[in-house]
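Worksheet: one structure, shown below.
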Amino acid sequence: MGKETKFIRPGDMAETYTKVSSLLENLFDGLNGMYFNSMLEKPVITIQSTPKAYGHFTLNDTWHVWDGSKDEKKKEINIGAGTIDRPIYEVAATLLHEMVHLYNYIHGVKDVSSNGMYHNKKFKEEAEKRGLVIEKHGKYGWTVTHPSGSLCMWLDKNGFTDIRMGRIENWKEDTGSSGGNVKKKCSTRKYQCCICGISVRATKEVRIKCIDCDMEMEVQ
């Protein structure tokens with residue numbers, strides 16, 4: 001955490017994949033503590049192709065895990081291998097979207113239709129309590145997901161940086177499909193004072209001034 005993942009040489013692939021997997025594990029733990037009081041049992045977090053979606057959560061126990069003394073079945077949260085190289089704010093929003101589904105499942109809240117596609121207002125309500133901004137898609141409901149300014153600031157504060165690794169895939173973005181979709185462009189902007197360096201985030205273009213330095217802040 002806090003160290004940017006470098007571009008990959010062929011010999012570094014296994015090590016880099018392990019680092020990315022570890023980053024997602026750490027990100028889950030941090031978001032779990034920040035937004036769920038660490039009450040979510042960690043599922044298996046995978047990096048696999050999910051055409052037309054950025055991620056998914058399995059309602060069924062998908063993994064069989066054992067270590068010689070314990071035999072468990074676990075659910076899965078997947079982050080799409082073809083879109084994991086998006087800005088870390090968006091990857092985190094996808095992971096958090098799926099964590100909200102996990103939270104709702106544990107508490108018996110039905111937040112999607114029977115086919116798992118249409119997200120209802122119950123999903124929107126829980127997601128927006130937990131660092132996400134949700135917009136409605138005409139066909140798939142409250143599924144279009146953005147990181148809030150507070151989530152972006154939390155990621156910056158804890159040193160999470162972009163993942164410079166992704167599977168080459170060719171699929172058309174569908175902002176309505178299930179799986180925690182986020183617009184390609186991050187919905188927040190960082191403004192910084194060029195004199196004292198203090199910074200703030202905004203969810204739209206604004207004119208903002210540092211009162212201490214009497215200087216208009218510039219978008220970064």
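If you're wondering about the labels, chains in the structure tokens are A, B, ... by order shown, residues count from 1 in each chain, ligands from 1 in order shown.
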Can you tell me, as number ranges by chain, which residues in segment 1-219 of chain A count as strand (DSSP E) by DSSP? A: 44-48, 55-57, 63-66, 71-74, 76-80, 132-137, 141-147, 189-192, 199-202, 209-210, 215-216, 218-219
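Close contacts of Glu98 of chain A, defined as residues with an atom at most 10 Å away when counting only C-alpha atoms, with chain neighbours fewer than 5 positions off set aside, comprise A:Gly55, A:His56, A:Phe57, A:Thr58, A:Glu76, A:Ile77, A:Asn78, A:Ile79, A:Ala92, A:Ala93, A:Tyr103, A:Asn104, A:Ala127, A:Gly179, A:Gly180.
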Do you know which residues are at most 10 Å from Val44 of chain A counting only C-alpha atoms, after dropping those on the same chain fewer than 4 positions away, and could you put them as a list in words?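 Here the answer would be Glu25, Asp61, Thr62, Trp63, His64, Val65, Lys73, Lys74, Lys75, Glu76, Ile77 and Asn78 of chain A.
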Please run DSSP on the backbone and report, as JSON, numbers by chain, all residues within segment 111-181 of chain A that come out as alpha helix (DSSP H). {"A": [121, 122, 123, 124, 125, 126, 127, 128, 149, 150, 151, 152, 153, 154, 155, 156, 157]}
Residues at most 9 Å from Lys121 of chain A, counting only C-alpha atoms, excluding those fewer than 6 positions away in the same chain, as an NGL selection string? :A and (111 or 141-142)
Export N, CA and C atoms of the chosen residues as a PDB file, in the first residue's frame?
ATOM      1  N   ASP A 111     -32.040  -6.922  -2.724  1.00  0.00           N
ATOM      2  CA  ASP A 111     -31.730  -5.635  -3.356  1.00  0.00           C
ATOM      3  C   ASP A 111     -31.678  -5.692  -4.880  1.00  0.00           C
ATOM      4  N   GLY A 141     -32.114  -0.270 -13.358  1.00  0.00           N
ATOM      5  CA  GLY A 141     -32.347   0.295 -12.029  1.00  0.00           C
ATOM      6  C   GLY A 141     -31.156   1.036 -11.455  1.00  0.00           C
ATOM      7  N   TRP A 142     -31.082   1.034 -10.113  1.00  0.00           N
ATOM      8  CA  TRP A 142     -30.089   1.833  -9.378  1.00  0.00           C
ATOM      9  C   TRP A 142     -28.761   1.083  -9.324  1.00  0.00           C
TER      10      TRP A 142
END
Leu151 of chain A surroundings by only C-alpha atoms, 12 Å radius, close-in-sequence under 6 positions cut, as a ChimeraX atom specification: /A:27,30-31,34-35,88-94,96,127-133,157-158,160,186-188,201-203
Considering only C-alpha atoms, state which residue in the set A:His137, A:Lys209, A:Lys110, A:His97 is at the smallest distance from Cys196 of chain A. A:Lys209
Would you work out the distance separating atom CA of Phe123 of chain A from atom CA of Glu169 of chain A, expressed in Å to one decimal? 29.0 Å
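Coordinates place atom CA of Ile211 of chain A at a distance of 24.5 Å from atom CA of Ser148 of chain A.
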